[in-house]
Amino acid sequence: MSSLLVNTKLLRKILVSFIREEICKTGLKKGVLGLSGGIDSALVAFLAAEALGAENVHAICMPYRTSNPESEVHAKLLADACGVNFSVIPITPMVDAYFEQFSDADNMRRGNKMARERMTILFDHSALQSALVLGTSNKTELLLGYGTLYGDMASALNPIGDLYKSQVWQLSEEMGIPREVIDKKPSADLWAGQTDEQELGFTYREVDELMYRMIDLRMTDAELIRENFPPDFILNIRNRIKNSHFKRRLPIIAKVSNRTIDRDFRYSRDWGK
């Protein structure tokens, strides 16, 4: 784990400043996020409360009828712990209304619909409250493509997108997030009994160690094998990263002019300020 250890006090200051600066430079002062009761959204809620003031952060829990009741309990616990505004908006009526027409839909389709339904709610509340939507996807999930495009992967800014899951746990300890949330098994809570690591087929700590070397240190497969990572695990993760790359990019635009958005016309978010 030494390669993934971070200076949590410094990282805390950097991310708090990031949230404050990125929101304030737009002329706004509020943030909104989905608070699932899991560790990632918990960390973002705590960081946002410190950056903006708890009164300027609105956390929304959006359970489905099959969601684990513990998730809502933990979401409320977290909101109380950091003092942010909190509300519960069930998504069962809208999701079920859609799938009445597609009763044979599998878990993947249903899970994607739930994730996108939640994000439409967050963006509606961002308009209602003049707030920006804060992302809660970590680097491990983003690299693996373990998320829903325009669902949980959507946001206006993401303070934890460059933190591996192992580093999210470390910073959560520094932020004083309740122990029961830090210790519980990660789950997208899309269906009963679902856990991330069971679905992925490996643990976050295992894959973080591999991806840190593969991505951050740019080790070759031969070097990774010498580090005792199994060849089939290396191939599995490399393929996952490559095959999900489309989720990490803006939509590709066909180039038919001199200056094409995201190719020749590329500016930072605050260009012109």
# chains A, B, ... in the order shown; residues from 1 in each chain; ligands from 1
$ residues_around --residues "Arg205 in chain A" --least-positions-apart "4" --cutoff "8 Å" --atoms "only C-alpha atoms" --output "tab-separated table (two decimals) with N, CA, C and O atoms, in the first residue's frame"
chain	number	residue	atom	x	y	z
A	165	LYS	N	-9.76	4.29	-5.11
A	165	LYS	CA	-10.65	3.93	-3.99
A	165	LYS	C	-9.86	3.81	-2.69
A	165	LYS	O	-10.32	4.25	-1.63
A	166	SER	N	-8.67	3.23	-2.75
A	166	SER	CA	-7.83	3.09	-1.55
A	166	SER	C	-7.51	4.45	-0.94
A	166	SER	O	-7.41	4.58	0.29
A	209	GLU	N	-3.67	-1.32	-6.69
A	209	GLU	CA	-2.23	-1.56	-6.74
A	209	GLU	C	-1.77	-1.77	-8.18
A	209	GLU	O	-0.73	-1.26	-8.60
$ residues_around --residues "range 154-156 of chain A" --least-positions-apart "4" --cutoff "10 Å" --atoms "only C-alpha atoms" --output "ChimeraX atom specification"
/A:22-23,31-33,115-116,119-120,122-123,126,131-137,147-150,247
$ write_last_selection --atoms "N, CA and C atoms" --output "PDB file, in the first residue's frame"
ATOM      1  N   GLU A  22     -13.613  26.395  -8.043  1.00  0.00           N
ATOM      2  CA  GLU A  22     -14.324  26.037  -9.272  1.00  0.00           C
ATOM      3  C   GLU A  22     -15.787  26.475  -9.246  1.00  0.00           C
ATOM      4  N   ILE A  23     -16.392  26.478  -8.078  1.00  0.00           N
ATOM      5  CA  ILE A  23     -17.781  26.930  -7.985  1.00  0.00           C
ATOM      6  C   ILE A  23     -17.845  28.455  -7.963  1.00  0.00           C
ATOM      7  N   GLY A  31     -23.404  23.865  -3.961  1.00  0.00           N
ATOM      8  CA  GLY A  31     -23.218  22.581  -4.612  1.00  0.00           C
ATOM      9  C   GLY A  31     -24.338  21.629  -4.255  1.00  0.00           C
ATOM     10  N   VAL A  32     -24.633  20.717  -5.170  1.00  0.00           N
ATOM     11  CA  VAL A  32     -25.644  19.688  -4.929  1.00  0.00           C
ATOM     12  C   VAL A  32     -25.046  18.340  -5.312  1.00  0.00           C
ATOM     13  N   LEU A  33     -25.375  17.309  -4.567  1.00  0.00           N
ATOM     14  CA  LEU A  33     -24.846  15.982  -4.864  1.00  0.00           C
ATOM     15  C   LEU A  33     -25.810  14.902  -4.423  1.00  0.00           C
ATOM     16  N   ALA A 115     -29.556   5.089 -12.395  1.00  0.00           N
ATOM     17  CA  ALA A 115     -28.446   6.042 -12.285  1.00  0.00           C
ATOM     18  C   ALA A 115     -28.745   7.318 -13.055  1.00  0.00           C
ATOM     19  N   ARG A 116     -29.328   7.186 -14.238  1.00  0.00           N
ATOM     20  CA  ARG A 116     -29.627   8.377 -15.049  1.00  0.00           C
ATOM     21  C   ARG A 116     -30.826   9.139 -14.488  1.00  0.00           C
ATOM     22  N   MET A 119     -29.497  11.318 -11.813  1.00  0.00           N
ATOM     23  CA  MET A 119     -28.742  12.478 -12.285  1.00  0.00           C
ATOM     24  C   MET A 119     -29.666  13.553 -12.844  1.00  0.00           C
ATOM     25  N   THR A 120     -30.786  13.174 -13.461  1.00  0.00           N
ATOM     26  CA  THR A 120     -31.727  14.200 -13.937  1.00  0.00           C
ATOM     27  C   THR A 120     -32.286  14.991 -12.757  1.00  0.00           C
ATOM     28  N   LEU A 122     -30.680  15.530  -9.892  1.00  0.00           N
ATOM     29  CA  LEU A 122     -29.616  16.410  -9.393  1.00  0.00           C
ATOM     30  C   LEU A 122     -29.457  17.648 -10.265  1.00  0.00           C
ATOM     31  N   PHE A 123     -29.508  17.466 -11.592  1.00  0.00           N
ATOM     32  CA  PHE A 123     -29.353  18.629 -12.454  1.00  0.00           C
ATOM     33  C   PHE A 123     -30.572  19.541 -12.389  1.00  0.00           C
ATOM     34  N   SER A 126     -29.933  21.491  -9.379  1.00  0.00           N
ATOM     35  CA  SER A 126     -28.863  22.472  -9.578  1.00  0.00           C
ATOM     36  C   SER A 126     -29.441  23.746 -10.189  1.00  0.00           C
ATOM     37  N   ALA A 131     -26.926  25.957  -8.213  1.00  0.00           N
ATOM     38  CA  ALA A 131     -25.811  25.193  -7.656  1.00  0.00           C
ATOM     39  C   ALA A 131     -25.178  24.350  -8.758  1.00  0.00           C
ATOM     40  N   LEU A 132     -23.943  23.908  -8.536  1.00  0.00           N
ATOM     41  CA  LEU A 132     -23.304  22.981  -9.462  1.00  0.00           C
ATOM     42  C   LEU A 132     -23.383  21.562  -8.916  1.00  0.00           C
ATOM     43  N   VAL A 133     -23.536  20.599  -9.824  1.00  0.00           N
ATOM     44  CA  VAL A 133     -23.591  19.193  -9.431  1.00  0.00           C
ATOM     45  C   VAL A 133     -22.177  18.691  -9.178  1.00  0.00           C
ATOM     46  N   LEU A 134     -21.961  18.124  -8.004  1.00  0.00           N
ATOM     47  CA  LEU A 134     -20.663  17.583  -7.626  1.00  0.00           C
ATOM     48  C   LEU A 134     -20.616  16.090  -7.932  1.00  0.00           C
ATOM     49  N   GLY A 135     -19.586  15.663  -8.659  1.00  0.00           N
ATOM     50  CA  GLY A 135     -19.429  14.256  -9.004  1.00  0.00           C
ATOM     51  C   GLY A 135     -18.862  13.448  -7.854  1.00  0.00           C
ATOM     52  N   THR A 136     -19.170  12.157  -7.845  1.00  0.00           N
ATOM     53  CA  THR A 136     -18.729  11.282  -6.749  1.00  0.00           C
ATOM     54  C   THR A 136     -18.066  10.000  -7.255  1.00  0.00           C
ATOM     55  N   SER A 137     -17.620   9.995  -8.516  1.00  0.00           N
ATOM     56  CA  SER A 137     -16.938   8.813  -9.058  1.00  0.00           C
ATOM     57  C   SER A 137     -15.442   8.919  -8.781  1.00  0.00           C
ATOM     58  N   GLY A 147     -19.402   2.536 -14.097  1.00  0.00           N
ATOM     59  CA  GLY A 147     -20.351   3.610 -13.835  1.00  0.00           C
ATOM     60  C   GLY A 147     -21.220   3.794 -15.060  1.00  0.00           C
ATOM     61  N   THR A 148     -22.236   4.607 -14.934  1.00  0.00           N
ATOM     62  CA  THR A 148     -23.193   4.819 -16.019  1.00  0.00           C
ATOM     63  C   THR A 148     -22.950   6.168 -16.675  1.00  0.00           C
ATOM     64  N   LEU A 149     -22.695   6.133 -17.969  1.00  0.00           N
ATOM     65  CA  LEU A 149     -22.496   7.358 -18.734  1.00  0.00           C
ATOM     66  C   LEU A 149     -23.761   8.213 -18.665  1.00  0.00           C
ATOM     67  N   TYR A 150     -23.601   9.489 -18.323  1.00  0.00           N
ATOM     68  CA  TYR A 150     -24.712  10.426 -18.117  1.00  0.00           C
ATOM     69  C   TYR A 150     -25.581  10.037 -16.920  1.00  0.00           C
ATOM     70  N   LYS A 247     -16.294   6.424 -22.308  1.00  0.00           N
ATOM     71  CA  LYS A 247     -17.024   7.019 -21.191  1.00  0.00           C
ATOM     72  C   LYS A 247     -16.271   8.205 -20.574  1.00  0.00           C
TER      73      LYS A 247
END
$ residues_around --residues "Tyr204 in chain A" --least-positions-apart "3" --cutoff "12 Å" --atoms "only C-alpha atoms" --output "NGL selection string"
:A and (1 or 138-141 or 144 or 146 or 164-169 or 185-187 or 195-201 or 207-212 or 237)
$ write_last_selection --atoms "N, CA, C and O atoms" --output "short mmCIF file (atom, residue, chain, number, x, y, z; two decimals), in the first residue's frame"
data_model
loop_
_atom_site.label_atom_id
_atom_site.label_comp_id
_atom_site.auth_asym_id
_atom_site.auth_seq_id
_atom_site.Cartn_x
_atom_site.Cartn_y
_atom_site.Cartn_z
N MET A 1 0.82 -1.22 0.00
CA MET A 1 0.00 0.00 0.00
C MET A 1 0.85 1.26 0.00
O MET A 1 0.34 2.35 -0.18
N ASN A 138 -14.85 7.86 -8.24
CA ASN A 138 -13.42 7.87 -7.96
C ASN A 138 -12.62 7.39 -9.18
O ASN A 138 -13.18 6.94 -10.17
N LYS A 139 -11.30 7.48 -9.09
CA LYS A 139 -10.42 7.15 -10.22
C LYS A 139 -10.51 5.67 -10.60
O LYS A 139 -10.46 5.33 -11.78
N THR A 140 -10.65 4.81 -9.61
CA THR A 140 -10.76 3.38 -9.89
C THR A 140 -11.98 3.10 -10.76
O THR A 140 -11.89 2.40 -11.78
N GLU A 141 -13.12 3.64 -10.37
CA GLU A 141 -14.36 3.44 -11.14
C GLU A 141 -14.25 4.04 -12.53
O GLU A 141 -14.68 3.43 -13.52
N LEU A 144 -12.00 1.91 -14.83
CA LEU A 144 -12.61 0.63 -15.16
C LEU A 144 -13.90 0.79 -15.96
O LEU A 144 -14.44 -0.19 -16.46
N TYR A 146 -16.59 1.60 -14.56
CA TYR A 146 -17.60 1.04 -13.66
C TYR A 146 -18.54 2.16 -13.19
O TYR A 146 -18.45 2.69 -12.08
N TYR A 164 -7.76 7.07 -6.23
CA TYR A 164 -8.13 5.65 -6.25
C TYR A 164 -8.99 5.35 -5.03
O TYR A 164 -8.95 6.08 -4.03
N LYS A 165 -9.76 4.29 -5.11
CA LYS A 165 -10.65 3.93 -3.99
C LYS A 165 -9.86 3.81 -2.69
O LYS A 165 -10.32 4.25 -1.63
N SER A 166 -8.67 3.23 -2.75
CA SER A 166 -7.83 3.09 -1.55
C SER A 166 -7.51 4.45 -0.94
O SER A 166 -7.41 4.58 0.29
N GLN A 167 -7.36 5.47 -1.78
CA GLN A 167 -7.07 6.82 -1.30
C GLN A 167 -8.32 7.51 -0.78
O GLN A 167 -8.24 8.35 0.13
N VAL A 168 -9.47 7.14 -1.34
CA VAL A 168 -10.75 7.65 -0.81
C VAL A 168 -10.91 7.19 0.64
O VAL A 168 -11.30 7.97 1.51
N TRP A 169 -10.59 5.94 0.91
CA TRP A 169 -10.68 5.43 2.29
C TRP A 169 -9.72 6.20 3.21
O TRP A 169 -10.09 6.56 4.32
N LYS A 185 -19.14 -2.75 2.96
CA LYS A 185 -18.75 -3.18 1.62
C LYS A 185 -19.29 -2.19 0.58
O LYS A 185 -20.48 -1.85 0.61
N PRO A 186 -18.45 -1.75 -0.35
CA PRO A 186 -18.91 -0.81 -1.39
C PRO A 186 -19.99 -1.44 -2.25
O PRO A 186 -19.89 -2.60 -2.66
N SER A 187 -21.05 -0.67 -2.53
CA SER A 187 -22.15 -1.15 -3.35
C SER A 187 -22.84 0.01 -4.05
O SER A 187 -23.06 1.06 -3.44
N THR A 195 -22.88 -6.05 -4.58
CA THR A 195 -21.69 -5.37 -4.09
C THR A 195 -20.74 -5.14 -5.26
O THR A 195 -20.72 -5.93 -6.21
N ASP A 196 -19.97 -4.07 -5.21
CA ASP A 196 -19.07 -3.73 -6.30
C ASP A 196 -18.05 -4.83 -6.55
O ASP A 196 -17.84 -5.28 -7.68
N GLU A 197 -17.38 -5.26 -5.49
CA GLU A 197 -16.27 -6.20 -5.65
C GLU A 197 -16.75 -7.57 -6.11
O GLU A 197 -16.06 -8.24 -6.89
N GLN A 198 -17.93 -7.98 -5.69
CA GLN A 198 -18.49 -9.24 -6.17
C GLN A 198 -18.78 -9.16 -7.66
O GLN A 198 -18.50 -10.09 -8.42
N GLU A 199 -19.30 -8.02 -8.09
CA GLU A 199 -19.64 -7.85 -9.50
C GLU A 199 -18.38 -7.71 -10.36
O GLU A 199 -18.32 -8.25 -11.48
N LEU A 200 -17.39 -7.02 -9.85
CA LEU A 200 -16.15 -6.83 -10.60
C LEU A 200 -15.30 -8.10 -10.68
O LEU A 200 -14.63 -8.35 -11.66
N GLY A 201 -15.32 -8.88 -9.60
CA GLY A 201 -14.53 -10.11 -9.58
C GLY A 201 -13.17 -9.95 -8.93
O GLY A 201 -12.33 -10.85 -9.00
N VAL A 207 -6.97 -4.11 -7.35
CA VAL A 207 -6.92 -3.45 -8.66
C VAL A 207 -6.27 -2.07 -8.56
O VAL A 207 -5.62 -1.62 -9.51
N ASP A 208 -6.38 -1.41 -7.42
CA ASP A 208 -5.71 -0.12 -7.24
C ASP A 208 -4.19 -0.27 -7.33
O ASP A 208 -3.51 0.55 -7.95
N GLU A 209 -3.67 -1.32 -6.69
CA GLU A 209 -2.23 -1.56 -6.74
C GLU A 209 -1.77 -1.77 -8.18
O GLU A 209 -0.73 -1.26 -8.60
N LEU A 210 -2.55 -2.52 -8.94
CA LEU A 210 -2.20 -2.78 -10.34
C LEU A 210 -2.32 -1.50 -11.18
O LEU A 210 -1.41 -1.14 -11.93
N MET A 211 -3.45 -0.81 -11.08
CA MET A 211 -3.68 0.35 -11.94
C MET A 211 -2.74 1.51 -11.62
O MET A 211 -2.37 2.26 -12.51
N TYR A 212 -2.35 1.66 -10.36
CA TYR A 212 -1.38 2.70 -10.03
C TYR A 212 -0.08 2.47 -10.81
O TYR A 212 0.49 3.42 -11.38
N ILE A 237 -7.72 -6.10 -16.81
CA ILE A 237 -7.82 -4.69 -16.42
C ILE A 237 -7.45 -3.78 -17.59
O ILE A 237 -8.12 -2.75 -17.82
#
$ residues_around --residues "Phe246 in chain A" --least-positions-apart "5" --cutoff "10 Å" --atoms "only C-alpha atoms" --output "count of residues only"
5
$ select_by_dssp --residues "range 42-138 of chain A" --states "strand (DSSP E or B)" --output "PDB file with N, CA, C and O atoms, in the first residue's frame"
ATOM      1  N   VAL A  57     -24.666  23.479   0.759  1.00  0.00           N
ATOM      2  CA  VAL A  57     -24.589  22.159   0.132  1.00  0.00           C
ATOM      3  C   VAL A  57     -25.903  21.430   0.350  1.00  0.00           C
ATOM      4  O   VAL A  57     -26.415  21.374   1.466  1.00  0.00           O
ATOM      5  N   HIS A  58     -26.457  20.881  -0.741  1.00  0.00           N
ATOM      6  CA  HIS A  58     -27.700  20.123  -0.663  1.00  0.00           C
ATOM      7  C   HIS A  58     -27.429  18.696  -1.114  1.00  0.00           C
ATOM      8  O   HIS A  58     -27.049  18.465  -2.259  1.00  0.00           O
ATOM      9  N   ALA A  59     -27.590  17.754  -0.209  1.00  0.00           N
ATOM     10  CA  ALA A  59     -27.400  16.334  -0.499  1.00  0.00           C
ATOM     11  C   ALA A  59     -28.756  15.661  -0.649  1.00  0.00           C
ATOM     12  O   ALA A  59     -29.660  15.868   0.176  1.00  0.00           O
ATOM     13  N   ILE A  60     -28.906  14.865  -1.705  1.00  0.00           N
ATOM     14  CA  ILE A  60     -30.189  14.225  -1.981  1.00  0.00           C
ATOM     15  C   ILE A  60     -30.004  12.711  -2.040  1.00  0.00           C
ATOM     16  O   ILE A  60     -29.156  12.200  -2.779  1.00  0.00           O
ATOM     17  N   CYS A  61     -30.774  12.006  -1.257  1.00  0.00           N
ATOM     18  CA  CYS A  61     -30.803  10.540  -1.284  1.00  0.00           C
ATOM     19  C   CYS A  61     -31.974  10.121  -2.175  1.00  0.00           C
ATOM     20  O   CYS A  61     -33.099  10.601  -2.000  1.00  0.00           O
ATOM     21  N   ASN A  85     -27.652  20.332   4.007  1.00  0.00           N
ATOM     22  CA  ASN A  85     -29.088  20.173   3.784  1.00  0.00           C
ATOM     23  C   ASN A  85     -29.339  18.791   3.177  1.00  0.00           C
ATOM     24  O   ASN A  85     -28.545  18.304   2.369  1.00  0.00           O
ATOM     25  N   PHE A  86     -30.447  18.184   3.548  1.00  0.00           N
ATOM     26  CA  PHE A  86     -30.683  16.794   3.147  1.00  0.00           C
ATOM     27  C   PHE A  86     -32.149  16.584   2.791  1.00  0.00           C
ATOM     28  O   PHE A  86     -33.044  17.084   3.464  1.00  0.00           O
ATOM     29  N   SER A  87     -32.379  15.862   1.708  1.00  0.00           N
ATOM     30  CA  SER A  87     -33.739  15.480   1.355  1.00  0.00           C
ATOM     31  C   SER A  87     -33.730  14.101   0.711  1.00  0.00           C
ATOM     32  O   SER A  87     -32.698  13.629   0.218  1.00  0.00           O
ATOM     33  N   VAL A  88     -34.871  13.457   0.741  1.00  0.00           N
ATOM     34  CA  VAL A  88     -35.041  12.122   0.154  1.00  0.00           C
ATOM     35  C   VAL A  88     -36.063  12.214  -0.967  1.00  0.00           C
ATOM     36  O   VAL A  88     -37.188  12.689  -0.758  1.00  0.00           O
ATOM     37  N   ALA A 131     -26.926  25.957  -8.213  1.00  0.00           N
ATOM     38  CA  ALA A 131     -25.811  25.193  -7.656  1.00  0.00           C
ATOM     39  C   ALA A 131     -25.178  24.350  -8.758  1.00  0.00           C
ATOM     40  O   ALA A 131     -25.799  24.106  -9.804  1.00  0.00           O
ATOM     41  N   LEU A 132     -23.943  23.908  -8.536  1.00  0.00           N
ATOM     42  CA  LEU A 132     -23.304  22.981  -9.462  1.00  0.00           C
ATOM     43  C   LEU A 132     -23.383  21.562  -8.916  1.00  0.00           C
ATOM     44  O   LEU A 132     -23.304  21.348  -7.698  1.00  0.00           O
ATOM     45  N   VAL A 133     -23.536  20.599  -9.824  1.00  0.00           N
ATOM     46  CA  VAL A 133     -23.591  19.193  -9.431  1.00  0.00           C
ATOM     47  C   VAL A 133     -22.177  18.691  -9.178  1.00  0.00           C
ATOM     48  O   VAL A 133     -21.294  18.805 -10.034  1.00  0.00           O
ATOM     49  N   LEU A 134     -21.961  18.124  -8.004  1.00  0.00           N
ATOM     50  CA  LEU A 134     -20.663  17.583  -7.626  1.00  0.00           C
ATOM     51  C   LEU A 134     -20.616  16.090  -7.932  1.00  0.00           C
ATOM     52  O   LEU A 134     -21.490  15.333  -7.517  1.00  0.00           O
TER      53      LEU A 134
END
$ select_by_dssp --residues "range 17-200 of chain A" --states "alpha helix (DSSP H)" --output "number ranges by chain"
A: 17-24, 39-52, 69-82, 92-99, 107-129, 139-144, 165-175, 179-183, 196-200
$ write_last_selection --atoms "C-alpha atoms" --output "mmCIF file, in the first residue's frame"
data_model
loop_
_atom_site.group_PDB
_atom_site.id
_atom_site.type_symbol
_atom_site.label_atom_id
_atom_site.label_comp_id
_atom_site.auth_asym_id
_atom_site.auth_seq_id
_atom_site.Cartn_x
_atom_site.Cartn_y
_atom_site.Cartn_z
ATOM 1 C CA SER A 17 -9.788 24.739 -2.390
ATOM 2 C CA PHE A 18 -10.653 23.063 -5.701
ATOM 3 C CA ILE A 19 -14.368 22.907 -4.872
ATOM 4 C CA ARG A 20 -14.481 26.463 -3.570
ATOM 5 C CA GLU A 21 -12.572 27.972 -6.506
ATOM 6 C CA GLU A 22 -14.324 26.037 -9.272
ATOM 7 C CA ILE A 23 -17.781 26.930 -7.985
ATOM 8 C CA CYS A 24 -17.054 30.538 -7.062
ATOM 9 C CA ILE A 39 -18.022 6.227 1.086
ATOM 10 C CA ASP A 40 -17.482 8.191 -2.155
ATOM 11 C CA SER A 41 -20.478 10.497 -1.871
ATOM 12 C CA ALA A 42 -19.813 10.786 1.869
ATOM 13 C CA LEU A 43 -16.330 12.131 1.204
ATOM 14 C CA VAL A 44 -17.585 14.632 -1.377
ATOM 15 C CA ALA A 45 -20.298 15.851 1.010
ATOM 16 C CA PHE A 46 -17.764 16.432 3.786
ATOM 17 C CA LEU A 47 -15.328 18.191 1.440
ATOM 18 C CA ALA A 48 -18.096 20.393 0.013
ATOM 19 C CA ALA A 49 -19.371 21.336 3.470
ATOM 20 C CA GLU A 50 -15.879 22.467 4.423
ATOM 21 C CA ALA A 51 -15.360 24.312 1.140
ATOM 22 C CA LEU A 52 -18.690 26.083 0.771
ATOM 23 C CA PRO A 69 -32.866 0.543 3.751
ATOM 24 C CA GLU A 70 -29.469 0.896 5.435
ATOM 25 C CA SER A 71 -28.351 3.170 2.591
ATOM 26 C CA GLU A 72 -30.895 5.853 3.448
ATOM 27 C CA VAL A 73 -30.108 5.514 7.146
ATOM 28 C CA HIS A 74 -26.416 6.040 6.434
ATOM 29 C CA ALA A 75 -27.128 8.954 4.092
ATOM 30 C CA LYS A 76 -29.050 10.714 6.860
ATOM 31 C CA LEU A 77 -26.288 9.910 9.341
ATOM 32 C CA LEU A 78 -23.719 11.467 7.016
ATOM 33 C CA ALA A 79 -25.788 14.581 6.316
ATOM 34 C CA ASP A 80 -26.259 15.121 10.033
ATOM 35 C CA ALA A 81 -22.551 14.565 10.681
ATOM 36 C CA CYS A 82 -21.392 17.264 8.267
ATOM 37 C CA THR A 92 -39.452 4.188 -7.814
ATOM 38 C CA PRO A 93 -42.502 5.843 -9.486
ATOM 39 C CA MET A 94 -40.607 7.165 -12.511
ATOM 40 C CA VAL A 95 -38.417 4.104 -13.030
ATOM 41 C CA ASP A 96 -41.304 1.640 -12.705
ATOM 42 C CA ALA A 97 -43.491 3.717 -15.032
ATOM 43 C CA TYR A 98 -40.861 3.315 -17.751
ATOM 44 C CA PHE A 99 -40.238 -0.403 -17.233
ATOM 45 C CA ASN A 107 -30.455 -5.708 -14.203
ATOM 46 C CA MET A 108 -27.990 -3.733 -16.292
ATOM 47 C CA ARG A 109 -30.707 -1.775 -18.094
ATOM 48 C CA ARG A 110 -32.592 -1.180 -14.872
ATOM 49 C CA GLY A 111 -29.448 -0.090 -13.046
ATOM 50 C CA ASN A 112 -28.500 2.325 -15.825
ATOM 51 C CA LYS A 113 -31.987 3.814 -15.828
ATOM 52 C CA MET A 114 -31.850 4.335 -12.066
ATOM 53 C CA ALA A 115 -28.446 6.042 -12.285
ATOM 54 C CA ARG A 116 -29.627 8.377 -15.049
ATOM 55 C CA GLU A 117 -32.905 9.105 -13.264
ATOM 56 C CA ARG A 118 -30.936 10.194 -10.223
ATOM 57 C CA MET A 119 -28.742 12.478 -12.285
ATOM 58 C CA THR A 120 -31.727 14.200 -13.937
ATOM 59 C CA ILE A 121 -32.978 14.986 -10.442
ATOM 60 C CA LEU A 122 -29.616 16.410 -9.393
ATOM 61 C CA PHE A 123 -29.353 18.629 -12.454
ATOM 62 C CA ASP A 124 -32.913 19.828 -11.947
ATOM 63 C CA HIS A 125 -32.031 20.796 -8.389
ATOM 64 C CA SER A 126 -28.863 22.472 -9.578
ATOM 65 C CA ALA A 127 -31.082 24.762 -11.672
ATOM 66 C CA LEU A 128 -33.553 25.215 -8.825
ATOM 67 C CA GLN A 129 -30.868 26.216 -6.332
ATOM 68 C CA LYS A 139 -10.425 7.150 -10.219
ATOM 69 C CA THR A 140 -10.762 3.377 -9.889
ATOM 70 C CA GLU A 141 -14.359 3.444 -11.140
ATOM 71 C CA LEU A 142 -13.590 5.918 -13.919
ATOM 72 C CA LEU A 143 -10.662 3.888 -15.260
ATOM 73 C CA LEU A 144 -12.614 0.635 -15.161
ATOM 74 C CA LYS A 165 -10.647 3.926 -3.987
ATOM 75 C CA SER A 166 -7.829 3.095 -1.554
ATOM 76 C CA GLN A 167 -7.067 6.816 -1.297
ATOM 77 C CA VAL A 168 -10.745 7.650 -0.806
ATOM 78 C CA TRP A 169 -10.676 5.432 2.288
ATOM 79 C CA GLN A 170 -7.540 7.179 3.554
ATOM 80 C CA LEU A 171 -8.953 10.684 3.138
ATOM 81 C CA SER A 172 -12.261 9.612 4.663
ATOM 82 C CA GLU A 173 -10.389 8.673 7.842
ATOM 83 C CA GLU A 174 -8.826 12.153 7.877
ATOM 84 C CA MET A 175 -12.239 13.821 7.365
ATOM 85 C CA ARG A 179 -16.835 4.355 10.929
ATOM 86 C CA GLU A 180 -19.842 2.292 9.802
ATOM 87 C CA VAL A 181 -19.723 3.962 6.381
ATOM 88 C CA ILE A 182 -15.961 3.532 5.974
ATOM 89 C CA ASP A 183 -16.099 -0.142 6.932
ATOM 90 C CA ASP A 196 -19.067 -3.727 -6.301
ATOM 91 C CA GLU A 197 -16.274 -6.195 -5.646
ATOM 92 C CA GLN A 198 -18.490 -9.241 -6.172
ATOM 93 C CA GLU A 199 -19.641 -7.850 -9.497
ATOM 94 C CA LEU A 200 -16.149 -6.827 -10.602
#
$ residues_around --residues "Asp221 in chain A" --least-positions-apart "6" --cutoff "12 Å" --atoms "only C-alpha atoms" --output "PyMOL selection string"
chain A and resi 210-211+213-215+227-238
$ decode --residues "range 204-240 of chain A" --atoms "C-alpha atoms" --output "PDB file, in the first residue's frame"
ATOM      1  CA  TYR A 204     -10.583  -2.472  -4.980  1.00  0.00           C
ATOM      2  CA  ARG A 205      -7.291  -2.727  -3.118  1.00  0.00           C
ATOM      3  CA  GLU A 206      -5.992  -5.383  -5.541  1.00  0.00           C
ATOM      4  CA  VAL A 207      -6.923  -3.448  -8.659  1.00  0.00           C
ATOM      5  CA  ASP A 208      -5.708  -0.120  -7.238  1.00  0.00           C
ATOM      6  CA  GLU A 209      -2.230  -1.559  -6.742  1.00  0.00           C
ATOM      7  CA  LEU A 210      -2.198  -2.775 -10.340  1.00  0.00           C
ATOM      8  CA  MET A 211      -3.683   0.347 -11.943  1.00  0.00           C
ATOM      9  CA  TYR A 212      -1.377   2.699 -10.031  1.00  0.00           C
ATOM     10  CA  ARG A 213       1.579   0.929 -11.614  1.00  0.00           C
ATOM     11  CA  MET A 214      -0.094   0.506 -14.995  1.00  0.00           C
ATOM     12  CA  ILE A 215      -1.429   4.071 -15.349  1.00  0.00           C
ATOM     13  CA  ASP A 216       0.531   6.371 -13.058  1.00  0.00           C
ATOM     14  CA  LEU A 217       3.921   4.651 -13.345  1.00  0.00           C
ATOM     15  CA  ARG A 218       3.348   3.451 -16.944  1.00  0.00           C
ATOM     16  CA  MET A 219       4.784   0.007 -16.277  1.00  0.00           C
ATOM     17  CA  THR A 220       4.802  -2.477 -19.142  1.00  0.00           C
ATOM     18  CA  ASP A 221       3.087  -5.859 -18.861  1.00  0.00           C
ATOM     19  CA  ALA A 222       6.500  -7.501 -18.404  1.00  0.00           C
ATOM     20  CA  GLU A 223       7.276  -5.156 -15.514  1.00  0.00           C
ATOM     21  CA  LEU A 224       3.874  -5.802 -13.953  1.00  0.00           C
ATOM     22  CA  ILE A 225       4.415  -9.559 -14.165  1.00  0.00           C
ATOM     23  CA  ARG A 226       7.763  -9.105 -12.385  1.00  0.00           C
ATOM     24  CA  GLU A 227       5.762  -7.300  -9.681  1.00  0.00           C
ATOM     25  CA  ASN A 228       3.822 -10.589  -9.255  1.00  0.00           C
ATOM     26  CA  PHE A 229       0.558  -9.526 -10.920  1.00  0.00           C
ATOM     27  CA  PRO A 230      -1.023 -12.485 -12.785  1.00  0.00           C
ATOM     28  CA  PRO A 231      -0.970 -12.070 -16.600  1.00  0.00           C
ATOM     29  CA  ASP A 232      -4.709 -12.748 -16.935  1.00  0.00           C
ATOM     30  CA  PHE A 233      -5.471 -10.049 -14.327  1.00  0.00           C
ATOM     31  CA  ILE A 234      -3.273  -7.561 -16.185  1.00  0.00           C
ATOM     32  CA  LEU A 235      -5.000  -8.345 -19.495  1.00  0.00           C
ATOM     33  CA  ASN A 236      -8.459  -8.133 -17.911  1.00  0.00           C
ATOM     34  CA  ILE A 237      -7.822  -4.690 -16.422  1.00  0.00           C
ATOM     35  CA  ARG A 238      -6.044  -3.306 -19.486  1.00  0.00           C
ATOM     36  CA  ASN A 239      -8.991  -4.375 -21.667  1.00  0.00           C
ATOM     37  CA  ARG A 240     -11.486  -2.844 -19.247  1.00  0.00           C
TER      38      ARG A 240
END
